[in-house]
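Here the structure comes first, spelled out in structure tokens, and everything after it is commentary.
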Amino acid sequence: MGRLIIISNRLPFSLDKEGDKVNLRQSSGGLVSAIKSYFENASAQRPEITGKMWVGVADFPQEDWDQLVAAKAAEQDFGILPVFVDKELYDNYYNGFSNSVLWPLFHYFNSLANYESQFFDAYVQVNQLFAEKLIPLLEPDDQVWIHDYQLMILPHLLRAKKPDATIGFFLHIPFPSYEIFRLLPTEWKKILLQGVMGADLIGFHTYDYVQHFLHSVKMLLGVDSYFHNLQYQDRLVRIDLFPIGIDYNKFHQTVADPEVEELRNNIQANFGDKKIIFSVDRLDYTKGLMHRLSGFEYFLDRYPEWKEKMVFILNIVPSRDTIPAYNERKRMIEEKIGTLNGRFSTIAWQPVIYRYTHLSFKELIALYQAADVALITPLRDGMNLVAKEYVASSLGKGVLILSELAGAASELSEAILVNPTDTSDVASSITRALAMPLYEQRNRISLMQRRIQEYDVFKWVNDFIDQLAQVKQEQQKQKVKLLDDKVITLIHKRYERSHNRCLLLDYDGTLVPFSRIPSEAAPDNAVKELLSRLSSDAKNHVVVISGRDVSSLDRWLGEYNITLVAEHGASFKMRGETWQQMVSVSDLWKDEIRRIMQLFVLRCAGSFIEEKTNTIAWHYRNTQTGLGFSRSRELLNTLSQLIQNTTLQVVDGNKVVEVRISGFDKGATALKIVGEMDPDFVLCIGDDTTDEDMFKALEGEAYTIKVNNGASAAQYTILSQQQVLPILNTLTSEPQVQLPEKKYADS
């Protein structure tokens, strides 16, 4: 492993100039805290990392970097690569597209999205600036990890120039449902998805975000997933969840810090025996600050017994204050606090203590530890590390009230989970938290602490890097089996020298693409011309071996001098002969199978039943991805139990569950045909689970090719059905290069 290169919108620090003094102030935000903690301990965590670098936009001009910052930055334990962007361009990219389109839309505030074309143009340009800065510097062993919504196009831009690069992408905000994502203009949403799909590994905080992304990729790019893996263009891409952690020990060990203890004691002494409720948030509409204040106001109205017995410390961290909407929100919050304090305060007591400022690390920890209740109620949040920091900093007491709409809610289930828009729910949760017995507080805190200690920031980074390495290994395995020009030339050479050839070809997904309705999958002119040309050569014996029924194959392909095999081998027609049935039994068994499949048709919109002479199938190609796959697993389980001790067999095919009479399959039929022919050249191509029987049966006897990637007994893989006809057409064309003949075992 080489360097670990972190790429984010901003560098992890800002420049503070006071007279002649120059300081680098760490930027706020969970990503900076998490990665910096990892970098500080990376040598112990992963000694194989040969270097660390952070790439981001500088909030200072090039001359300041050259004269003031570069020397200071060299003191960091990681390299810094600044990207300098024109102020107006950056404003349109960051405040425009990133935070006036993607941020509101991805957080379900779609009414606030401002679809200005110049915003998107700037977004593309800045992503290109990052790519131009990075591409000349990338080395083969580098691990590139791109972060967040401001750089969604960058993975594709890097991939285009560095096809073999190792690229990870992580989204720190929610990925919305397809119904929300599709609100983006058509070109924009496709470019964004194609951009992210340039990565090898794509990470999200929660399972829901993963599913939303996969659904959007299916609907907009037409790419299906299988257990979170996608075959996109010529690469395997993996999508998974990695809930970001914190440096647990950094927060937990502050219990023994004398400075933190002094700050904490001062806070507690200042408020006497009053209970402390604490919130800290950036100034952002997604944080639900107005709803939180409304919930607190309702609490004061409904539970007057708590007046003068508690205080709510609300700290807002300045953020994006150059955007007018944020300044307007700040004004509204401050007016609300003023009104609330005016209504409820007494001469000796003020219910809300409001601060609009950055907090130092030790101040923040002291407030976490002094607080009896942490009130964290965003309207939508990718994760929310404040909740984890509060738990990690706890002295064994305290209550976390957390929005059920924050990503962290899926991990911190011992918190009091609330709907942030429900003022009554928030109010009752506050009084419940304030009155919670100490033993219950300790039990809840200890369970959450154990969980976030086990999956801390180091585990998070290592998990992502390990999976990124695994994906690259899987891609390498694919390349080994991938059918390339050299192998095609070799097959062509063997074909030319042979005199008795057998070509075994599957139909759906191989000769023709899949169709929404099976009856519409008739061969086009290109397929007809190919079959006519191949079958007219006396040296060729073409066999179309399919799961199709007899009548369909006869109607579409009966005119050609080829052998047809229907229903995976249940019926066949040798060239120049009539149809023969391999089995002859009653079809009463179908009644019970049909009844069960009809139930699943009702439970899964878009699915349908196809009935043939010896098989009956439930198709789910036209259903919602997650729903169809889930229902297919249920159906497989139901049918498998039903047919025990019978002569029936359940087949899990490509978007189809099929029941047939056992005792025949494509493998046995192919082996029978090849055995009778005794050819000196055999080529077998298929795409489905049922074709694996052929690949296994013909091992060592044929060139076997699997269409679409996945574990297979086939010798070689091609990545799409569109490649099949060109490969078959090359058999009758002149070879491009001359290679010495090899035996099958050597090929």
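In the structure tokens, chains take letters A, B, ... by order of appearance, with residues numbered from 1 within each chain and ligands from 1 in the order shown.
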Please, which residues in range 679-745 of chain A fall within 7 Å of range 467-482 of chain A when counting only C-alpha atoms, and what is the closest atom pair and distance in Å to one decimal for each, ordered by chain then residue number, as CSV?
```
residue,atom,partner,partner_atom,distance
A:Gln715,CA,A:Lys481,CA,6.6
A:Tyr716,CA,A:Lys481,CA,4.8
A:Thr717,CA,A:Leu482,CA,4.8
A:Ile718,CA,A:Leu482,CA,6.1
```
Selection above as a file: C-alpha atoms, as a PDB file, in the first residue's frame:
```pdb
ATOM      1  CA  GLN A 715     -13.282 -20.153 -18.362  1.00  0.00           C
ATOM      2  CA  TYR A 716     -13.934 -16.586 -19.459  1.00  0.00           C
ATOM      3  CA  THR A 717     -16.251 -13.680 -18.777  1.00  0.00           C
ATOM      4  CA  ILE A 718     -17.683 -10.917 -20.909  1.00  0.00           C
TER       5      ILE A 718
END
```
Just list the residues in range 132-374 of chain A DSSP gives strand (DSSP E) on the backbone, as a PDB file with C-alpha atoms, in the first residue's frame.
```
ATOM      1  CA  GLN A 143      -5.296   4.980  -2.054  1.00  0.00           C
ATOM      2  CA  VAL A 144      -7.501   7.937  -3.006  1.00  0.00           C
ATOM      3  CA  TRP A 145     -10.416   8.647  -0.673  1.00  0.00           C
ATOM      4  CA  ILE A 146     -12.809  11.376  -1.831  1.00  0.00           C
ATOM      5  CA  HIS A 147     -15.238  12.846   0.673  1.00  0.00           C
ATOM      6  CA  THR A 166      -7.762   2.875  -6.341  1.00  0.00           C
ATOM      7  CA  ILE A 167     -10.594   5.278  -5.549  1.00  0.00           C
ATOM      8  CA  GLY A 168     -13.034   5.360  -2.634  1.00  0.00           C
ATOM      9  CA  PHE A 169     -15.903   7.812  -2.178  1.00  0.00           C
ATOM     10  CA  PHE A 170     -17.805   8.534   1.021  1.00  0.00           C
ATOM     11  CA  LEU A 201     -15.999   1.556  -3.205  1.00  0.00           C
ATOM     12  CA  ILE A 202     -18.847   3.933  -2.303  1.00  0.00           C
ATOM     13  CA  GLY A 203     -19.685   4.387   1.364  1.00  0.00           C
ATOM     14  CA  PHE A 204     -22.688   5.729   3.275  1.00  0.00           C
ATOM     15  CA  SER A 225     -26.943  -4.738  -7.898  1.00  0.00           C
ATOM     16  CA  TYR A 226     -26.274  -8.096  -6.301  1.00  0.00           C
ATOM     17  CA  ASN A 229     -22.077  -5.148  -5.772  1.00  0.00           C
ATOM     18  CA  LEU A 230     -22.605  -3.632  -9.203  1.00  0.00           C
ATOM     19  CA  GLN A 231     -21.024  -4.394 -12.525  1.00  0.00           C
ATOM     20  CA  TYR A 232     -20.608  -0.919 -13.960  1.00  0.00           C
ATOM     21  CA  ARG A 235     -15.489  -2.755 -13.276  1.00  0.00           C
ATOM     22  CA  LEU A 236     -16.909  -4.213 -10.117  1.00  0.00           C
ATOM     23  CA  VAL A 237     -18.170  -1.431  -7.811  1.00  0.00           C
ATOM     24  CA  ARG A 238     -19.200  -2.059  -4.216  1.00  0.00           C
ATOM     25  CA  ILE A 239     -21.697   0.014  -2.217  1.00  0.00           C
ATOM     26  CA  ASP A 240     -21.796  -0.422   1.563  1.00  0.00           C
ATOM     27  CA  LEU A 241     -22.501   1.261   4.886  1.00  0.00           C
ATOM     28  CA  LYS A 275     -30.174  20.683  35.819  1.00  0.00           C
ATOM     29  CA  ILE A 276     -28.321  21.547  32.608  1.00  0.00           C
ATOM     30  CA  ILE A 277     -29.683  20.804  29.124  1.00  0.00           C
ATOM     31  CA  PHE A 278     -27.076  21.341  26.410  1.00  0.00           C
ATOM     32  CA  SER A 279     -27.165  21.682  22.616  1.00  0.00           C
ATOM     33  CA  VAL A 280     -24.375  22.504  20.207  1.00  0.00           C
ATOM     34  CA  ASP A 281     -25.003  22.784  16.455  1.00  0.00           C
ATOM     35  CA  ARG A 282     -23.888  24.559  13.352  1.00  0.00           C
ATOM     36  CA  MET A 310     -33.017  23.759  34.982  1.00  0.00           C
ATOM     37  CA  VAL A 311     -31.336  25.804  32.269  1.00  0.00           C
ATOM     38  CA  PHE A 312     -30.931  25.237  28.529  1.00  0.00           C
ATOM     39  CA  ILE A 313     -27.468  26.159  27.168  1.00  0.00           C
ATOM     40  CA  LEU A 314     -27.704  26.551  23.401  1.00  0.00           C
ATOM     41  CA  ASN A 315     -24.422  27.049  21.535  1.00  0.00           C
ATOM     42  CA  ILE A 316     -24.617  27.735  17.817  1.00  0.00           C
ATOM     43  CA  VAL A 317     -21.397  27.468  15.806  1.00  0.00           C
ATOM     44  CA  VAL A 352     -32.078  29.782  27.694  1.00  0.00           C
ATOM     45  CA  ILE A 353     -28.410  30.702  27.738  1.00  0.00           C
ATOM     46  CA  TYR A 354     -27.513  31.461  24.126  1.00  0.00           C
ATOM     47  CA  ARG A 355     -24.027  31.637  22.594  1.00  0.00           C
ATOM     48  CA  TYR A 356     -23.070  32.162  18.938  1.00  0.00           C
ATOM     49  CA  VAL A 373     -29.239  16.163  29.181  1.00  0.00           C
ATOM     50  CA  ALA A 374     -27.936  16.522  25.610  1.00  0.00           C
TER      51      ALA A 374
END
```
At a cut-off of 7 Å, using only C-alpha atoms, what residues contact range 539-551 of chain A? Leave out same-chain residues fewer than 2 positions from it and give the result as a PDB file with C-alpha atoms, in the first residue's frame.
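Below is the file selection.pdb, written as the result:
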```pdb
ATOM      1  CA  HIS A 499     -13.594 -29.388 -39.124  1.00  0.00           C
ATOM      2  CA  ASN A 500     -16.416 -30.442 -36.805  1.00  0.00           C
ATOM      3  CA  ARG A 501     -17.628 -27.600 -34.622  1.00  0.00           C
ATOM      4  CA  CYS A 502     -20.325 -27.433 -31.962  1.00  0.00           C
ATOM      5  CA  LEU A 503     -21.626 -23.988 -30.886  1.00  0.00           C
ATOM      6  CA  LEU A 504     -23.852 -24.133 -27.791  1.00  0.00           C
ATOM      7  CA  LEU A 505     -25.671 -20.831 -27.314  1.00  0.00           C
ATOM      8  CA  ASP A 506     -28.151 -19.746 -24.675  1.00  0.00           C
ATOM      9  CA  TYR A 507     -31.001 -17.511 -25.898  1.00  0.00           C
ATOM     10  CA  LEU A 534     -23.144 -19.922 -38.968  1.00  0.00           C
ATOM     11  CA  SER A 535     -25.597 -22.716 -39.793  1.00  0.00           C
ATOM     12  CA  ASP A 537     -21.288 -23.660 -42.858  1.00  0.00           C
ATOM     13  CA  LEU A 553     -38.255 -21.530 -30.208  1.00  0.00           C
ATOM     14  CA  ASP A 554     -40.027 -23.138 -33.156  1.00  0.00           C
ATOM     15  CA  ARG A 555     -41.720 -19.869 -34.107  1.00  0.00           C
ATOM     16  CA  ILE A 562     -29.887 -25.779 -36.141  1.00  0.00           C
ATOM     17  CA  THR A 563     -30.629 -27.890 -33.070  1.00  0.00           C
ATOM     18  CA  LEU A 564     -33.128 -26.442 -30.593  1.00  0.00           C
ATOM     19  CA  VAL A 565     -33.272 -27.378 -26.909  1.00  0.00           C
ATOM     20  CA  ALA A 566     -36.299 -26.135 -24.940  1.00  0.00           C
ATOM     21  CA  GLU A 567     -36.988 -25.843 -21.208  1.00  0.00           C
ATOM     22  CA  HIS A 568     -33.356 -26.522 -20.228  1.00  0.00           C
ATOM     23  CA  LYS A 612     -44.298 -23.932 -20.109  1.00  0.00           C
ATOM     24  CA  THR A 613     -44.814 -27.621 -20.809  1.00  0.00           C
TER      25      THR A 613
END
```
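Minimum distance to Ala409 in chain A across A:Ser294, A:Val55, A:Gln369, A:Thr206 (counting only C-alpha atoms) occurs at A:Thr206.
The residue that comes closest to Ala713 in chain A, out of A:Ala697, A:Val487, A:Ile727, A:Ile180 and on the basis of only C-alpha atoms, is A:Ala697.
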| task | Going by DSSP on the backbone, which bits of range 439-587 of chain A are helix (DSSP H, G or I)? Write them as a PyMOL selection string, please. | result | chain A and resi 439-454+457-481+485-497+518-520+525-535+550-557+567-569
Go ahead and dump the residues you just picked, C-alpha atoms, as a PDB file, in the first residue's frame.
```
ATOM      1  CA  TYR A 439     -28.946   3.775  37.551  1.00  0.00           C
ATOM      2  CA  GLU A 440     -30.905   3.928  34.285  1.00  0.00           C
ATOM      3  CA  GLN A 441     -28.714   6.742  32.977  1.00  0.00           C
ATOM      4  CA  ARG A 442     -25.591   4.688  33.703  1.00  0.00           C
ATOM      5  CA  ASN A 443     -26.994   1.567  32.059  1.00  0.00           C
ATOM      6  CA  ARG A 444     -27.959   3.410  28.856  1.00  0.00           C
ATOM      7  CA  ILE A 445     -24.678   5.350  28.658  1.00  0.00           C
ATOM      8  CA  SER A 446     -22.509   2.265  29.241  1.00  0.00           C
ATOM      9  CA  LEU A 447     -24.235   0.305  26.452  1.00  0.00           C
ATOM     10  CA  MET A 448     -23.788   3.162  23.983  1.00  0.00           C
ATOM     11  CA  GLN A 449     -20.198   3.760  25.077  1.00  0.00           C
ATOM     12  CA  ARG A 450     -19.319   0.117  24.483  1.00  0.00           C
ATOM     13  CA  ARG A 451     -20.755   0.284  20.977  1.00  0.00           C
ATOM     14  CA  ILE A 452     -19.013   3.473  19.854  1.00  0.00           C
ATOM     15  CA  GLN A 453     -15.766   2.337  21.478  1.00  0.00           C
ATOM     16  CA  GLU A 454     -15.809  -0.856  19.393  1.00  0.00           C
ATOM     17  CA  VAL A 457     -12.843   6.312  13.911  1.00  0.00           C
ATOM     18  CA  PHE A 458      -9.875   3.972  13.497  1.00  0.00           C
ATOM     19  CA  LYS A 459     -12.140   0.990  12.931  1.00  0.00           C
ATOM     20  CA  TRP A 460     -14.170   3.106  10.484  1.00  0.00           C
ATOM     21  CA  VAL A 461     -11.154   4.136   8.402  1.00  0.00           C
ATOM     22  CA  ASN A 462      -9.563   0.675   8.527  1.00  0.00           C
ATOM     23  CA  ASP A 463     -12.863  -0.973   7.582  1.00  0.00           C
ATOM     24  CA  PHE A 464     -13.205   1.303   4.547  1.00  0.00           C
ATOM     25  CA  ILE A 465      -9.573   0.847   3.452  1.00  0.00           C
ATOM     26  CA  ASP A 466      -9.765  -2.937   3.901  1.00  0.00           C
ATOM     27  CA  GLN A 467     -12.926  -3.172   1.812  1.00  0.00           C
ATOM     28  CA  LEU A 468     -11.388  -0.921  -0.836  1.00  0.00           C
ATOM     29  CA  ALA A 469      -8.447  -3.343  -1.067  1.00  0.00           C
ATOM     30  CA  GLN A 470     -10.855  -6.302  -1.309  1.00  0.00           C
ATOM     31  CA  VAL A 471     -12.740  -4.666  -4.177  1.00  0.00           C
ATOM     32  CA  LYS A 472      -9.477  -4.125  -6.073  1.00  0.00           C
ATOM     33  CA  GLN A 473      -8.593  -7.809  -5.534  1.00  0.00           C
ATOM     34  CA  GLU A 474     -11.995  -8.847  -6.886  1.00  0.00           C
ATOM     35  CA  GLN A 475     -11.480  -6.585  -9.886  1.00  0.00           C
ATOM     36  CA  GLN A 476      -8.117  -8.235 -10.511  1.00  0.00           C
ATOM     37  CA  LYS A 477      -9.716 -11.680 -10.445  1.00  0.00           C
ATOM     38  CA  GLN A 478     -12.213 -10.445 -13.025  1.00  0.00           C
ATOM     39  CA  LYS A 479      -9.429  -9.256 -15.293  1.00  0.00           C
ATOM     40  CA  VAL A 480      -7.788 -12.671 -15.174  1.00  0.00           C
ATOM     41  CA  LYS A 481     -10.985 -14.268 -16.524  1.00  0.00           C
ATOM     42  CA  ASP A 485      -8.599  -9.692 -27.819  1.00  0.00           C
ATOM     43  CA  LYS A 486      -5.748 -12.145 -27.357  1.00  0.00           C
ATOM     44  CA  VAL A 487      -8.108 -14.947 -26.277  1.00  0.00           C
ATOM     45  CA  ILE A 488     -10.649 -14.062 -28.978  1.00  0.00           C
ATOM     46  CA  THR A 489      -7.874 -14.392 -31.556  1.00  0.00           C
ATOM     47  CA  LEU A 490      -6.903 -17.751 -30.086  1.00  0.00           C
ATOM     48  CA  ILE A 491     -10.510 -19.008 -30.268  1.00  0.00           C
ATOM     49  CA  HIS A 492     -10.744 -17.734 -33.836  1.00  0.00           C
ATOM     50  CA  LYS A 493      -7.571 -19.650 -34.706  1.00  0.00           C
ATOM     51  CA  ARG A 494      -8.932 -22.910 -33.291  1.00  0.00           C
ATOM     52  CA  TYR A 495     -12.239 -22.335 -35.047  1.00  0.00           C
ATOM     53  CA  GLU A 496     -10.495 -21.855 -38.406  1.00  0.00           C
ATOM     54  CA  ARG A 497      -8.438 -25.053 -38.034  1.00  0.00           C
ATOM     55  CA  PRO A 518     -40.922 -12.882 -22.567  1.00  0.00           C
ATOM     56  CA  SER A 519     -43.134 -13.086 -25.664  1.00  0.00           C
ATOM     57  CA  GLU A 520     -41.481  -9.902 -27.016  1.00  0.00           C
ATOM     58  CA  ASN A 525     -32.245  -9.126 -38.012  1.00  0.00           C
ATOM     59  CA  ALA A 526     -28.671  -9.189 -36.679  1.00  0.00           C
ATOM     60  CA  VAL A 527     -29.315 -12.430 -34.756  1.00  0.00           C
ATOM     61  CA  LYS A 528     -31.122 -13.984 -37.717  1.00  0.00           C
ATOM     62  CA  GLU A 529     -28.310 -13.098 -40.113  1.00  0.00           C
ATOM     63  CA  LEU A 530     -25.693 -14.501 -37.713  1.00  0.00           C
ATOM     64  CA  LEU A 531     -27.540 -17.817 -37.215  1.00  0.00           C
ATOM     65  CA  SER A 532     -28.106 -18.133 -40.942  1.00  0.00           C
ATOM     66  CA  ARG A 533     -24.419 -17.583 -41.685  1.00  0.00           C
ATOM     67  CA  LEU A 534     -23.144 -19.922 -38.968  1.00  0.00           C
ATOM     68  CA  SER A 535     -25.597 -22.716 -39.793  1.00  0.00           C
ATOM     69  CA  VAL A 550     -41.075 -25.365 -27.604  1.00  0.00           C
ATOM     70  CA  SER A 551     -43.546 -23.134 -29.452  1.00  0.00           C
ATOM     71  CA  SER A 552     -41.491 -19.943 -28.991  1.00  0.00           C
ATOM     72  CA  LEU A 553     -38.255 -21.530 -30.208  1.00  0.00           C
ATOM     73  CA  ASP A 554     -40.027 -23.138 -33.156  1.00  0.00           C
ATOM     74  CA  ARG A 555     -41.720 -19.869 -34.107  1.00  0.00           C
ATOM     75  CA  TRP A 556     -38.554 -17.771 -33.912  1.00  0.00           C
ATOM     76  CA  LEU A 557     -35.785 -20.184 -34.945  1.00  0.00           C
ATOM     77  CA  GLU A 567     -36.988 -25.843 -21.208  1.00  0.00           C
ATOM     78  CA  HIS A 568     -33.356 -26.522 -20.228  1.00  0.00           C
ATOM     79  CA  GLY A 569     -33.362 -29.925 -21.908  1.00  0.00           C
TER      80      GLY A 569
END
```
| query | How many Å lie between CA of Val418 in chain A and CA of Glu404 in chain A, rounded to one decimal? | reply |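 Pair CA of Val418 in chain A / CA of Glu404 in chain A returns 5.6 Å.
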| field | Residue nearest Ile244 in chain A among A:Asn384, A:Ser14, A:Thr578, A:Thr690 (counting only C-alpha atoms) | value | A:Asn384
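Excluding Ser429 in chain A itself and same-chain residues fewer than 5 positions from it, the residues having an atom within 12 Å of it are Ile277, Arg292, Gly295, Phe296, Tyr298, Phe299, Tyr303, Val373, Ala374, Leu375, Ile376, Thr377, Val399, Leu400, Ile401, Leu402, Ser403, Ala415, Ile416, Leu417, Val418, Asn419, Pro420, Asp422, Thr423, Ser424, Leu434, Ala435 and Met436 of chain A, counting only C-alpha atoms.
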| query | What is the distance, in Å and to one decimal place, between CA of Lys397 in chain A and CA of Asp381 in chain A? | reply |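 Rounded to one decimal, the two atoms are 25.1 Å apart.
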| message | One number please: CA of Ile705 in chain A to CA of Ile685 in chain A, in Å, one decimal. | response |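 Pair CA of Ile705 in chain A / CA of Ile685 in chain A returns 4.8 Å.
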| message | Nearest residue to Asn265 in chain A out of A:Ala433, A:Gly2, A:Glu363, A:Gly79, using only C-alpha atoms? | response |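 For Asn265 in chain A, the nearest of the given residues is A:Glu363.
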| Minimum-distance residue to Thr431 in chain A, chosen among A:Trp306, A:Phe514, A:Tyr455, A:Tyr285 (using only C-alpha atoms) |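 The answer is A:Trp306, which sits nearest to Thr431 in chain A.
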If we count only C-alpha atoms, what is near Thr623 in chain A at a cut-off of 12 Å, once residues fewer than 5 positions away on the same chain are taken out, given as a PDB file with C-alpha atoms, in the first residue's frame?
```pdb
ATOM      1  CA  HIS A 215     -32.365   2.334  -6.429  1.00  0.00           C
ATOM      2  CA  LYS A 218     -30.935   1.139 -11.214  1.00  0.00           C
ATOM      3  CA  MET A 219     -33.557   3.648 -12.337  1.00  0.00           C
ATOM      4  CA  ASP A 224     -28.639  -3.828 -11.163  1.00  0.00           C
ATOM      5  CA  ARG A 516     -39.862  -6.965 -20.073  1.00  0.00           C
ATOM      6  CA  PHE A 600     -46.317 -13.699  -4.788  1.00  0.00           C
ATOM      7  CA  VAL A 601     -47.581 -11.926  -7.930  1.00  0.00           C
ATOM      8  CA  LEU A 602     -50.141 -10.170  -5.732  1.00  0.00           C
ATOM      9  CA  ARG A 603     -47.479  -9.299  -3.156  1.00  0.00           C
ATOM     10  CA  CYS A 604     -44.940  -7.985  -5.680  1.00  0.00           C
ATOM     11  CA  ALA A 605     -46.097  -5.471  -8.292  1.00  0.00           C
ATOM     12  CA  GLY A 606     -44.563  -6.064 -11.720  1.00  0.00           C
ATOM     13  CA  SER A 607     -43.935  -9.786 -11.270  1.00  0.00           C
ATOM     14  CA  PHE A 608     -45.693 -12.396 -13.389  1.00  0.00           C
ATOM     15  CA  TRP A 618     -42.097 -16.521 -11.526  1.00  0.00           C
ATOM     16  CA  GLY A 628     -38.358  -8.252  -6.069  1.00  0.00           C
ATOM     17  CA  PHE A 629     -35.181  -9.751  -4.662  1.00  0.00           C
ATOM     18  CA  SER A 630     -36.641  -9.983  -1.147  1.00  0.00           C
ATOM     19  CA  ARG A 631     -39.808 -11.697  -2.404  1.00  0.00           C
ATOM     20  CA  SER A 632     -37.736 -14.100  -4.528  1.00  0.00           C
ATOM     21  CA  LYS A 655     -34.510 -12.450 -12.017  1.00  0.00           C
ATOM     22  CA  VAL A 656     -36.614 -15.604 -12.210  1.00  0.00           C
TER      23      VAL A 656
END
```
